[in-house]
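> For reference, this is final-v9.txt, and it has compact mmCIF, C-alpha atoms.
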```
# COMPACT_ATOMS: atom_id res chain seq x y z
CA MET M 1 15.51 -11.00 -6.49
CA LYS M 2 15.18 -10.92 -2.72
CA LYS M 3 13.81 -7.71 -1.20
CA TYR M 4 15.98 -5.95 1.38
CA ILE M 5 14.78 -3.53 4.06
CA THR M 6 17.07 -0.91 5.58
CA ILE M 7 16.08 1.15 8.63
CA LYS M 8 17.99 4.32 9.52
CA VAL M 9 17.49 6.29 12.73
CA TYR M 10 18.11 10.00 13.30
CA ASP M 11 17.52 12.16 16.34
CA ALA M 12 14.81 14.81 16.23
CA HIS M 13 17.29 17.29 14.70
CA ASN M 14 18.38 15.12 11.75
CA ASN M 15 21.61 13.77 13.28
CA PHE M 16 22.23 10.16 12.22
CA GLN M 17 22.24 7.70 15.12
CA LYS M 18 22.24 4.14 13.84
CA SER M 19 21.05 1.65 11.25
CA TRP M 20 18.90 -1.10 12.72
CA GLU M 21 19.86 -4.54 11.44
CA ASN M 22 18.00 -6.95 13.70
CA PHE M 23 14.27 -6.23 13.51
CA GLU M 24 10.85 -7.47 12.49
CA PHE M 25 8.69 -5.28 10.31
CA ASP M 26 5.14 -6.03 9.22
CA ARG M 27 3.06 -3.30 7.60
CA PHE M 28 1.83 0.28 7.51
CA SER M 29 -0.89 2.18 5.69
CA LYS M 30 -0.99 5.44 3.76
CA GLU M 31 -4.14 7.35 2.86
CA ILE M 32 -5.35 10.51 1.14
CA ASN M 33 -6.44 13.39 3.37
CA GLY M 34 -3.68 12.24 5.69
CA GLY M 35 -0.43 10.40 5.13
CA LEU M 36 1.56 7.49 6.51
CA GLY M 37 -0.12 5.69 9.40
CA ALA M 38 1.25 3.73 12.34
CA CYS M 39 4.12 1.30 11.74
CA VAL M 40 5.22 -1.27 14.34
CA ILE M 41 8.81 -2.53 14.51
CA ILE M 42 10.05 -5.28 16.83
CA LEU M 43 13.66 -4.43 17.60
CA GLY M 44 16.04 -7.33 18.20
CA GLU M 45 17.68 -5.87 21.30
CA LYS M 46 17.56 -6.87 24.95
CA PHE M 47 14.87 -5.52 27.22
CA ASP M 48 17.18 -2.96 28.86
CA TYR M 49 18.79 -1.66 25.66
CA ALA M 50 19.30 2.12 26.01
CA GLY M 51 21.06 3.36 22.86
CA SER M 52 20.70 6.94 21.63
CA ASP M 53 18.79 5.58 18.65
CA LEU M 54 15.97 4.40 20.92
CA GLN M 55 14.49 7.71 22.01
CA ILE M 56 10.96 9.07 21.79
CA ASN M 57 10.53 11.46 18.83
CA ASN M 58 13.59 10.13 16.97
CA GLU M 59 13.08 9.99 13.21
CA VAL M 60 13.00 6.57 11.55
CA GLN M 61 13.34 6.09 7.80
CA ILE M 62 12.61 2.78 6.06
CA PHE M 63 14.16 1.98 2.68
CA VAL M 64 13.60 -0.86 0.20
CA THR M 65 16.09 -2.39 -2.21
CA ASP M 66 14.65 -4.74 -4.84
CA LYS M 67 14.81 -5.44 -8.56
CA GLU M 68 13.01 -2.18 -9.40
CA THR M 69 15.50 -0.05 -7.43
CA ILE M 70 18.71 -1.90 -8.30
CA ASP M 71 19.49 0.46 -11.18
CA SER M 72 18.65 3.66 -9.28
CA ASP M 73 21.32 6.10 -8.12
CA ASN M 74 21.07 5.10 -4.46
CA ASN M 75 20.00 1.49 -5.04
CA GLU M 76 17.10 2.01 -2.64
CA ILE M 77 13.82 3.85 -2.27
CA LEU M 78 12.36 5.58 0.79
CA ILE M 79 8.99 4.03 1.65
CA TYR M 80 8.39 5.38 5.17
CA SER M 81 9.46 8.34 7.28
CA GLY M 82 8.08 8.85 10.77
CA TYR M 83 8.90 9.41 14.41
CA ILE M 84 9.00 7.12 17.43
CA SER M 85 5.78 7.74 19.34
CA GLN M 86 5.88 4.77 21.73
CA ILE M 87 8.40 2.27 23.09
CA GLU M 88 7.09 -0.86 24.75
CA ARG M 89 9.53 -3.17 26.55
CA GLU M 90 8.66 -6.77 27.45
CA ALA M 91 11.03 -8.50 29.85
CA ILE M 92 9.49 -11.96 29.61
CA ASN M 93 9.77 -12.01 25.81
CA GLU M 94 13.03 -10.06 25.69
CA ARG M 95 11.79 -7.70 23.02
CA ILE M 96 11.25 -4.02 22.33
CA LYS M 97 8.15 -2.98 20.42
CA ILE M 98 8.41 0.41 18.70
CA THR M 99 5.47 2.32 17.27
CA LEU M 100 6.11 4.91 14.57
CA LEU M 101 3.74 7.60 13.32
CA GLY M 102 3.89 9.57 10.09
CA TYR M 103 4.72 13.26 10.39
CA TYR M 104 1.30 14.37 9.14
CA THR M 105 0.00 13.45 12.62
CA LYS M 106 1.91 16.42 14.05
CA LEU M 107 -0.58 18.70 12.29
CA ALA M 108 -3.03 17.79 15.06
CA GLN M 109 -0.65 18.71 17.89
CA ASP M 110 -0.73 22.50 17.81
CA ILE M 111 -2.93 25.47 16.91
CA TYR M 112 -2.92 27.36 13.62
CA LYS M 113 -1.50 30.73 14.68
CA ASN M 114 0.62 33.74 13.86
CA GLY M 115 2.78 34.47 16.89
CA ARG M 116 0.27 34.72 19.76
CA THR M 117 -2.66 35.34 17.43
CA THR M 118 -4.91 32.29 17.14
CA THR M 119 -7.60 33.91 15.00
CA ILE M 120 -6.62 33.93 11.33
CA VAL M 121 -9.02 35.66 8.93
CA GLU M 122 -9.02 34.74 5.24
CA SER M 123 -11.33 37.00 3.23
CA THR M 124 -12.31 36.25 -0.39
CA GLN M 125 -9.16 34.22 -0.83
CA ASP M 126 -8.34 31.43 -3.26
CA VAL M 127 -8.72 28.23 -1.25
CA GLY M 128 -5.34 26.99 -2.47
CA LEU M 129 -3.75 30.22 -1.26
CA MET M 130 -5.37 29.61 2.14
CA PHE M 131 -3.56 26.26 2.20
CA ARG M 132 -0.26 27.89 1.23
CA ASN M 133 -0.67 30.57 3.90
CA LEU M 134 -1.30 27.86 6.48
CA MET M 135 1.84 25.97 5.49
CA ILE M 136 3.91 29.17 5.64
CA ARG M 137 2.73 29.73 9.20
CA TYR M 138 3.23 26.05 10.13
CA CYS M 139 6.88 26.15 9.04
CA ALA M 140 7.41 29.49 10.83
CA GLU M 141 5.64 28.52 14.07
CA THR M 142 7.06 24.99 14.40
CA SER M 143 10.49 24.72 16.02
CA ASN M 144 11.56 21.71 13.96
CA PRO M 145 9.15 21.29 11.05
CA LYS M 146 9.61 18.05 9.13
CA LEU M 147 6.86 18.77 6.62
CA ASN M 148 7.74 20.62 3.43
CA TRP M 149 5.81 21.98 0.45
CA THR M 150 6.27 23.85 -2.80
CA GLN M 151 4.03 25.96 -4.99
CA SER M 152 3.97 23.07 -7.45
CA SER M 153 2.72 20.68 -4.75
CA VAL M 154 0.01 22.98 -3.36
CA TYR M 155 -2.19 24.05 -6.28
CA LEU M 156 -4.47 27.06 -6.51
CA THR M 157 -8.14 26.18 -7.01
CA THR M 158 -9.53 29.34 -8.73
CA THR M 159 -12.28 29.07 -6.09
CA THR M 160 -12.46 31.68 -3.32
CA GLY M 161 -13.77 31.50 0.23
CA THR M 162 -14.08 33.62 3.37
CA TYR M 163 -13.40 31.96 6.69
CA THR M 164 -12.13 32.74 10.20
CA PHE M 165 -9.81 30.07 11.61
CA GLU M 166 -10.24 30.44 15.36
CA MET M 167 -8.48 28.20 17.90
CA MET M 168 -8.26 25.39 15.34
CA THR M 169 -5.43 22.91 14.95
CA TRP M 170 -3.43 22.83 11.74
CA ARG M 171 -5.20 19.65 10.69
CA GLU M 172 -8.69 20.94 11.53
CA SER M 173 -7.90 24.01 9.46
CA ILE M 174 -6.67 21.92 6.52
CA ASN M 175 -9.83 19.82 6.58
CA LYS M 176 -11.93 22.99 6.65
CA ILE M 177 -10.00 24.33 3.65
CA LEU M 178 -10.69 21.01 1.91
CA SER M 179 -14.43 21.43 2.57
CA MET M 180 -14.37 24.79 0.75
CA SER M 181 -12.53 23.32 -2.25
CA PRO M 182 -14.02 22.25 -5.57
CA ASP M 183 -15.20 18.67 -5.88
CA ASN M 184 -12.53 15.94 -6.07
CA TRP M 185 -9.68 17.75 -4.29
CA PHE M 186 -7.55 16.09 -1.59
CA TRP M 187 -4.38 16.58 0.45
CA TYR M 188 -1.61 14.11 1.23
CA VAL M 189 1.80 13.85 2.92
CA ASN M 190 4.16 11.30 1.32
CA ALA M 191 7.20 9.42 2.64
CA SER M 192 9.46 12.40 1.90
CA ASN M 193 7.10 14.54 4.02
CA LEU M 194 6.07 16.59 0.99
CA VAL M 195 2.63 18.11 1.52
CA SER M 196 0.41 18.22 -1.54
CA PHE M 197 -3.02 19.74 -2.17
CA SER M 198 -4.45 18.94 -5.56
CA PRO M 199 -7.45 17.68 -7.51
CA LYS M 200 -8.04 14.09 -8.43
CA ALA M 201 -6.82 13.25 -11.92
CA SER M 202 -8.18 15.43 -14.71
CA ALA M 203 -7.04 16.67 -18.08
CA SER M 204 -5.24 19.58 -16.42
CA TYR M 205 -3.20 17.57 -13.92
CA VAL M 206 -0.77 14.68 -14.41
CA PHE M 207 -1.06 11.70 -12.09
CA LYS M 208 0.46 8.25 -12.05
CA TYR M 209 -1.69 5.57 -13.67
CA HIS M 210 -1.64 1.84 -12.97
CA SER M 211 -3.13 -1.03 -14.96
CA PHE M 212 -3.87 -4.13 -12.88
CA ILE M 213 -4.69 -7.44 -14.58
CA PHE M 214 -6.57 -10.20 -12.81
CA GLY M 215 -4.46 -13.36 -12.65
CA LYS M 216 -1.26 -11.46 -13.41
CA HIS M 217 -0.98 -8.79 -10.72
CA PHE M 218 -3.66 -9.93 -8.29
CA ARG M 219 -6.03 -12.75 -7.45
CA ASN M 220 -7.95 -11.65 -4.38
CA ILE M 221 -10.48 -8.83 -4.42
CA LYS M 222 -13.32 -7.58 -2.21
CA ALA M 223 -16.02 -5.13 -3.28
CA VAL M 224 -18.62 -3.56 -0.95
CA THR M 225 -21.43 -1.18 -1.87
CA SER M 226 -23.17 0.50 1.08
CA ILE M 227 -25.92 3.07 1.65
CA GLU M 228 -25.03 3.51 5.32
CA LYS M 229 -22.98 6.69 4.85
CA VAL M 230 -25.17 8.38 2.24
CA LYS M 231 -25.96 11.99 3.16
CA ASN M 232 -27.87 13.75 0.38
CA SER M 233 -28.97 16.77 2.41
CA LEU M 234 -27.01 19.23 4.56
CA LEU M 235 -28.67 21.73 6.89
CA PHE M 236 -26.13 24.50 7.54
CA TRP M 237 -26.29 27.33 10.10
CA ASN M 238 -23.60 29.92 10.85
CA SER M 239 -24.88 30.50 14.45
CA ILE M 240 -26.22 33.97 13.61
CA VAL M 241 -29.87 35.02 13.93
CA GLY M 242 -30.91 38.13 12.04
CA GLU M 243 -28.40 40.21 10.10
CA GLY M 244 -25.71 37.99 8.58
CA GLU M 245 -27.74 34.83 9.23
CA ILE M 246 -27.09 31.83 6.99
CA TYR M 247 -29.51 28.99 7.60
CA LYS M 248 -29.72 26.95 4.46
CA LEU M 249 -30.48 23.47 3.18
CA TYR M 250 -28.35 21.91 0.47
CA SER M 251 -29.63 18.73 -1.15
CA ASP M 252 -29.59 16.51 -4.21
CA ALA M 253 -33.08 15.71 -5.55
CA GLU M 254 -32.04 12.65 -7.56
CA SER M 255 -30.30 11.04 -4.60
CA ILE M 256 -33.29 11.75 -2.35
CA ILE M 257 -35.62 10.01 -4.81
CA LYS M 258 -33.35 6.97 -4.92
CA HIS M 259 -32.27 6.72 -1.28
CA ASP M 260 -34.78 8.84 0.72
CA ARG M 261 -33.76 12.04 2.47
CA ARG M 262 -30.69 11.52 4.68
CA THR M 263 -29.73 14.79 6.37
CA GLU M 264 -26.57 15.93 8.13
CA LYS M 265 -26.45 19.04 10.37
CA MET M 266 -23.52 21.46 10.38
CA THR M 267 -23.09 24.59 12.50
CA ASP M 268 -20.06 26.82 11.98
CA ARG M 269 -20.00 30.47 13.06
CA ARG M 270 -16.63 31.00 11.34
CA VAL M 271 -18.12 31.00 7.82
CA GLY M 272 -17.90 34.57 6.60
CA ASP M 273 -20.43 34.76 3.76
CA GLU M 274 -23.14 32.83 1.95
CA ALA M 275 -20.89 32.08 -1.04
CA THR M 276 -18.50 30.17 1.23
CA ALA M 277 -21.42 28.33 2.85
CA ASP M 278 -22.63 27.40 -0.64
CA LYS M 279 -19.23 25.90 -1.46
CA ILE M 280 -19.19 23.89 1.77
CA GLY M 281 -22.74 22.69 1.18
CA ALA M 282 -22.13 21.70 -2.44
CA PHE M 283 -18.85 19.95 -1.56
CA PHE M 284 -20.50 17.95 1.20
CA VAL M 285 -23.56 16.84 -0.76
CA ASN M 286 -21.57 15.95 -3.88
CA LYS M 287 -19.27 13.78 -1.79
CA HIS M 288 -21.92 11.90 0.11
CA LYS M 289 -24.99 11.68 -2.11
CA ILE M 290 -24.24 8.26 -3.62
CA PRO M 291 -23.71 4.87 -1.96
CA ALA M 292 -20.09 4.21 -1.08
CA VAL M 293 -18.38 1.74 -3.37
CA SER M 294 -15.31 0.34 -1.66
CA VAL M 295 -13.07 -2.03 -3.59
CA GLU M 296 -10.06 -3.69 -1.93
CA VAL M 297 -7.54 -5.41 -4.16
CA GLU M 298 -4.53 -7.42 -3.01
CA ILE M 299 -1.62 -6.61 -5.36
CA ILE M 300 1.25 -9.13 -5.21
CA ASP M 301 4.81 -7.81 -5.14
CA SER M 302 6.82 -8.52 -8.30
CA ASN M 303 9.84 -9.68 -6.30
CA LEU M 304 7.84 -12.41 -4.60
CA ALA M 305 5.47 -13.64 -7.33
CA ASP M 306 4.94 -17.38 -7.00
CA ASP M 307 4.84 -18.44 -10.66
CA ASN M 308 5.16 -17.23 -14.23
CA LYS M 309 1.48 -16.38 -14.53
CA LEU M 310 1.24 -14.27 -11.37
CA ARG M 311 4.06 -11.86 -12.11
CA GLY M 312 3.13 -9.28 -9.53
CA TYR M 313 3.65 -5.52 -9.54
CA ASP M 314 6.08 -2.90 -8.25
CA ILE M 315 4.05 -2.17 -5.12
CA GLU M 316 6.43 0.57 -3.95
CA SER M 317 5.27 2.64 -6.94
CA ILE M 318 1.65 2.73 -5.73
CA GLU M 319 0.64 5.90 -3.88
CA PRO M 320 -2.69 7.22 -2.58
CA GLY M 321 -4.08 9.64 -5.14
CA ASP M 322 -2.90 7.52 -8.09
CA ILE M 323 -5.42 6.36 -10.69
CA CYS M 324 -5.91 2.74 -11.73
CA ASN M 325 -7.85 0.49 -14.06
CA PHE M 326 -8.67 -3.20 -13.71
CA TYR M 327 -8.73 -5.73 -16.53
CA GLY M 328 -9.68 -9.37 -16.92
CA PHE M 329 -13.22 -9.13 -15.51
CA ASN M 330 -16.65 -9.73 -17.00
CA GLU M 331 -18.27 -6.54 -18.32
CA THR M 332 -21.27 -7.12 -16.04
CA LEU M 333 -19.08 -5.83 -13.18
CA SER M 334 -18.60 -2.44 -14.87
CA ASP M 335 -20.76 -0.74 -12.21
CA ILE M 336 -18.09 -1.65 -9.65
CA PHE M 337 -14.91 -1.66 -11.72
CA GLN M 338 -15.31 1.68 -13.43
CA GLU M 339 -12.67 3.38 -15.54
CA ASN M 340 -10.05 5.50 -13.82
CA MET M 341 -10.70 4.59 -10.21
CA MET M 342 -8.75 6.48 -7.57
CA ILE M 343 -6.51 4.77 -5.02
CA THR M 344 -7.49 6.26 -1.67
CA LYS M 345 -5.55 3.98 0.69
CA VAL M 346 -2.59 1.59 0.51
CA ASP M 347 -1.90 -1.04 3.18
CA TYR M 348 1.73 -1.87 2.49
CA LYS M 349 3.37 -5.17 3.37
CA LEU M 350 6.66 -6.56 2.10
CA ASP M 351 5.02 -9.14 -0.15
CA LYS M 352 1.83 -7.31 -1.18
CA ALA M 353 -0.13 -4.08 -1.09
CA ILE M 354 -3.83 -4.05 -0.30
CA ILE M 355 -5.24 -1.03 -2.09
CA THR M 356 -8.62 0.61 -1.53
CA VAL M 357 -10.09 2.32 -4.58
CA GLU M 358 -13.21 4.32 -5.32
CA PRO M 359 -14.87 5.59 -8.50
CA MET M 360 -13.95 9.13 -9.50
CA GLY M 361 -16.36 11.55 -7.84
CA SER M 362 -17.23 9.15 -5.03
CA GLY M 363 -16.62 10.14 -1.44
CA ILE M 364 -15.62 7.20 0.70
CA VAL M 365 -12.68 8.78 2.48
CA THR M 366 -13.96 12.33 2.88
CA ARG M 367 -16.97 11.17 4.88
CA GLN M 368 -14.72 11.12 7.96
CA GLU M 369 -14.08 14.22 10.10
CA HIS M 370 -15.68 16.79 7.81
CA ILE M 371 -16.09 19.17 10.72
CA ALA M 372 -14.41 19.49 14.11
CA THR M 373 -16.40 18.42 17.13
CA ASN M 374 -16.00 21.65 19.06
CA VAL M 375 -19.08 22.50 21.10
CA ASP M 376 -19.52 25.90 19.47
CA GLN M 377 -19.58 24.28 16.02
CA LEU M 378 -22.16 21.66 16.89
CA ALA M 379 -24.47 23.68 19.14
CA THR M 380 -27.93 24.22 17.64
CA ASN M 381 -29.69 26.02 20.50
CA GLY M 382 -31.40 29.16 19.23
CA ALA M 383 -31.35 28.14 15.59
CA PRO M 384 -33.70 29.98 13.21
CA THR M 385 -37.10 28.38 12.67
CA THR M 386 -37.04 28.35 8.85
CA TYR M 387 -34.21 27.61 6.46
CA THR M 388 -33.67 28.75 2.87
CA THR M 389 -32.60 26.73 -0.16
```
Represent the supplied structure as structure tokens.

Amino acid sequence: MKKYITIKVYDAHNNFQKSWENFEFDRFSKEINGGLGACVIILGEKFDYAGSDLQINNEVQIFVTDKETIDSDNNEILIYSGYISQIEREAINERIKITLLGYYTKLAQDIYKNGRTTTIVESTQDVGLMFRNLMIRYCAETSNPKLNWTQSSVYLTTTTGTYTFEMMTWRESINKILSMSPDNWFWYVNASNLVSFSPKASASYVFKYHSFIFGKHFRNIKAVTSIEKVKNSLLFWNSIVGEGEIYKLYSDAESIIKHDRRTEKMTDRRVGDEATADKIGAFFVNKHKIPAVSVEVEIIDSNLADDNKLRGYDIESIEPGDICNFYGFNETLSDIFQENMMITKVDYKLDKAIITVEPMGSGIVTRQEHIATNVDQLATNGAPTTYTT
């Protein structure tokens, strides 16, 4: 069956404007500890087109109809929801290039606050409850919040922390909450703008599983193992000297023996007690102590498979955070293709999805912005002379 794409446009307040029929659409990505990335659409209108649908901050929803959705109630599935962030007009080519961004990006646009108060203190609080409290404030403080959440999408962790969120954006605060969480937790915003905060698959949590067979669902694969981002030691300081001082080294002896000592520095005066610092230190070292194993697999869409052998897969069903296994390989590759690998990123195209996976417990994605780059967080002047372990 041929795959059909439908694009519907709403203004910033959910009023329907138009369905786009003449367009070119290529790809977008979606990733854990984030959401849907940039999506570029070439609109088949003249250079000077000025309809109400073509306005900055309008909402754009992209739907797919194919053989997997044909029996569904609406005969289509939502694969992307975002807002128009940029409109580029080219007179010589008579085209309009539109850039969309997923709504999770709006978490970086404003400060975590309660009214005019920009210092939020969480004392000995379940980390999951910190996340819920943040989302309650986000929905209350945002004039037109698109993001939504439920208690069943934001789990409690049974791990507590003490932290002062001070002049931090919503996204900086979420990433800090993540750093206080138990190992293998992540957050994600899907196409329906549902915010989730949960652990990677375990016996206590139900996740979608995929089985991919070489020669049936995919042919092309790329695997990279790298030591470049290994950090097996974290030197943490809370910017206090004397009473209340926390100046501590967290490390993994086995990783240091294998890969030499590779130390990261972190300074954060907002950490309220040593127990919270211990959680941050353990989370960081556990995530970064082993070489990154990045596996990219090109999954062919089932609607466009080229022969009976390569049948393809329902690529719209693949989401970051899902778990997958690969079959049809020699057992000598078991160090790369481990059981129950986690999908951390999906690059979606109409005919295929390029997925990035990592072994459970690995930390490819979370190596990114683990701390904000504010001067007061990174300053080390006046640090104590001796750390503890």
> Just checking: using all atoms listed in the file, which residue out of M:Gly328, M:Gly34, M:Gly82, M:Gly321 ends up closest to Lys208 of chain M?
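Smallest separation from Lys208 of chain M among the options: M:Gly321.
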> Please provide the set of residues having any atom within 12 Å of segment 229-233 of chain M, restricted to all atoms listed in the file, with same-chain residues fewer than 6 positions apart removed, written as a compact mmCIF listing (two decimals) with C-alpha atoms, in the frame of the given file.

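The resulting file, result.txt, is shown below:
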```txt
# COMPACT_ATOMS: atom_id res chain seq x y z
CA LYS M 248 -29.72 26.95 4.46
CA LEU M 249 -30.48 23.47 3.18
CA TYR M 250 -28.35 21.91 0.47
CA SER M 251 -29.63 18.73 -1.15
CA ASP M 252 -29.59 16.51 -4.21
CA ALA M 253 -33.08 15.71 -5.55
CA GLU M 254 -32.04 12.65 -7.56
CA SER M 255 -30.30 11.04 -4.60
CA ILE M 256 -33.29 11.75 -2.35
CA ILE M 257 -35.62 10.01 -4.81
CA LYS M 258 -33.35 6.97 -4.92
CA HIS M 259 -32.27 6.72 -1.28
CA ASP M 260 -34.78 8.84 0.72
CA ARG M 261 -33.76 12.04 2.47
CA ARG M 262 -30.69 11.52 4.68
CA THR M 263 -29.73 14.79 6.37
CA GLU M 264 -26.57 15.93 8.13
CA LYS M 265 -26.45 19.04 10.37
CA MET M 266 -23.52 21.46 10.38
CA GLY M 281 -22.74 22.69 1.18
CA ALA M 282 -22.13 21.70 -2.44
CA PHE M 283 -18.85 19.95 -1.56
CA PHE M 284 -20.50 17.95 1.20
CA VAL M 285 -23.56 16.84 -0.76
CA ASN M 286 -21.57 15.95 -3.88
CA LYS M 287 -19.27 13.78 -1.79
CA HIS M 288 -21.92 11.90 0.11
CA LYS M 289 -24.99 11.68 -2.11
CA ILE M 290 -24.24 8.26 -3.62
CA PRO M 291 -23.71 4.87 -1.96
CA ALA M 292 -20.09 4.21 -1.08
CA VAL M 293 -18.38 1.74 -3.37
CA SER M 294 -15.31 0.34 -1.66
CA SER M 362 -17.23 9.15 -5.03
CA GLY M 363 -16.62 10.14 -1.44
CA ILE M 364 -15.62 7.20 0.70
CA VAL M 365 -12.68 8.78 2.48
CA THR M 366 -13.96 12.33 2.88
CA ARG M 367 -16.97 11.17 4.88
CA GLN M 368 -14.72 11.12 7.96
CA THR M 389 -32.60 26.73 -0.16
```
> May I ask which of the residues M:Ile84, M:Leu350, M:Val297, M:Ile96 is the closest one to Ala38 of chain M, counting only C-alpha atoms?
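Residue with the minimum atom-to-atom distance to Ala38 of chain M: M:Ile84.
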> Per residue of segment 174-279 of chain M within 12 Å of segment 61-68 of chain M, which atom pair is closest and at what distance in Å (one decimal), using all atoms listed in the file, listed by chain and increasing number, as CSV?

```
residue,atom,partner,partner_atom,distance
M:Ala191,CA,M:Gln61,CA,8.7
M:Ser192,CA,M:Gln61,CA,9.5
M:Asn193,CA,M:Gln61,CA,11.2
```
> What does the distance from atom CA of Ile41 of chain M to atom CA of Asp347 of chain M come to in Å, to one decimal?
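About the pair atom CA of Ile41 of chain M and atom CA of Asp347 of chain M: they are 15.7 Å apart.
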> Report, in Å with one decimal, the straight-line distance from atom CA of Gly272 of chain M to atom CA of Thr124 of chain M.
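Answer for the atom CA of Gly272 of chain M to atom CA of Thr124 of chain M separation: 9.1 Å.
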> Fewer than 6 positions away in the same chain doesn't count, so skip those; otherwise give me all residues within 10 Å of Pro199 of chain M, counting only C-alpha atoms, as an MDAnalysis selection string.
chainID M and resid 155:157 181:187 205 207 321
> Which residues are near Glu274 of chain M? Cut-off 10 Å, all atoms listed in the file, ignore same chain within fewer than 3 positions. Put them as a count of residues only.
13
> Taking all atoms listed in the file into account, name the residue in M:Leu100, M:Leu129, M:Ala91, M:Ile300 that is nearest to Phe28 of chain M.
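Between M:Leu100, M:Leu129, M:Ala91, M:Ile300, the residue approaching Phe28 of chain M most closely is M:Leu100.
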> M:Pro384, M:Asn58, M:Tyr188, M:Thr142: which is nearest Glu319 of chain M, counting all atoms listed in the file?
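The shortest atom-to-atom distance to Glu319 of chain M comes from M:Tyr188.
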> Given only C-alpha atoms as the basis, pick out the residue of M:Lys345, M:Arg27, M:Lys113, M:Lys2 nearest to Phe165 of chain M.
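Among the listed residues, M:Lys113 lies closest to Phe165 of chain M.
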> So, counting all atoms listed in the file, which residue among M:Glu21, M:Glu166, M:Asp322, M:Glu76 is closest to Asp268 of chain M?
M:Glu166
> Quick one: residues within 9 Å of Glu88 of chain M, only C-alpha atoms counted, chain neighbours fewer than 3 positions away excluded, as a list of chain:residue names?
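Residues meeting the cut-off are M:Arg95, M:Ile96, M:Lys97, M:Ile98, M:Thr99.
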> Residues proximal to (11.1, 8.0, 19.8) were defined as those with any atom within 10 Å of that point in the file's coordinates, counting only C-alpha atoms. Which are they, as a PyMOL selection string?
chain M and resi 9-12+52-60+82-87+98-101
> Measure the distance from atom CA of Lys3 of chain M to atom CA of Gly215 of chain M in Å and round it to one decimal.
22.3 Å
> For a cutoff of 12 Å around the file-coordinate point (-8.9, -9.9, -1.5), which residues qualify once you count only C-alpha atoms? I'd like the result as a CSV table (one decimal) with C-alpha atoms, in the frame of the given file.

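Just written: selection_34.csv:
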```csv
chain,number,residue,atom,x,y,z
M,214,PHE,CA,-6.6,-10.2,-12.8
M,218,PHE,CA,-3.7,-9.9,-8.3
M,219,ARG,CA,-6.0,-12.8,-7.4
M,220,ASN,CA,-8.0,-11.6,-4.4
M,221,ILE,CA,-10.5,-8.8,-4.4
M,222,LYS,CA,-13.3,-7.6,-2.2
M,223,ALA,CA,-16.0,-5.1,-3.3
M,224,VAL,CA,-18.6,-3.6,-1.0
M,295,VAL,CA,-13.1,-2.0,-3.6
M,296,GLU,CA,-10.1,-3.7,-1.9
M,297,VAL,CA,-7.5,-5.4,-4.2
M,298,GLU,CA,-4.5,-7.4,-3.0
M,299,ILE,CA,-1.6,-6.6,-5.4
M,300,ILE,CA,1.2,-9.1,-5.2
M,352,LYS,CA,1.8,-7.3,-1.2
M,353,ALA,CA,-0.1,-4.1,-1.1
M,354,ILE,CA,-3.8,-4.0,-0.3
M,355,ILE,CA,-5.2,-1.0,-2.1
M,356,THR,CA,-8.6,0.6,-1.5
```
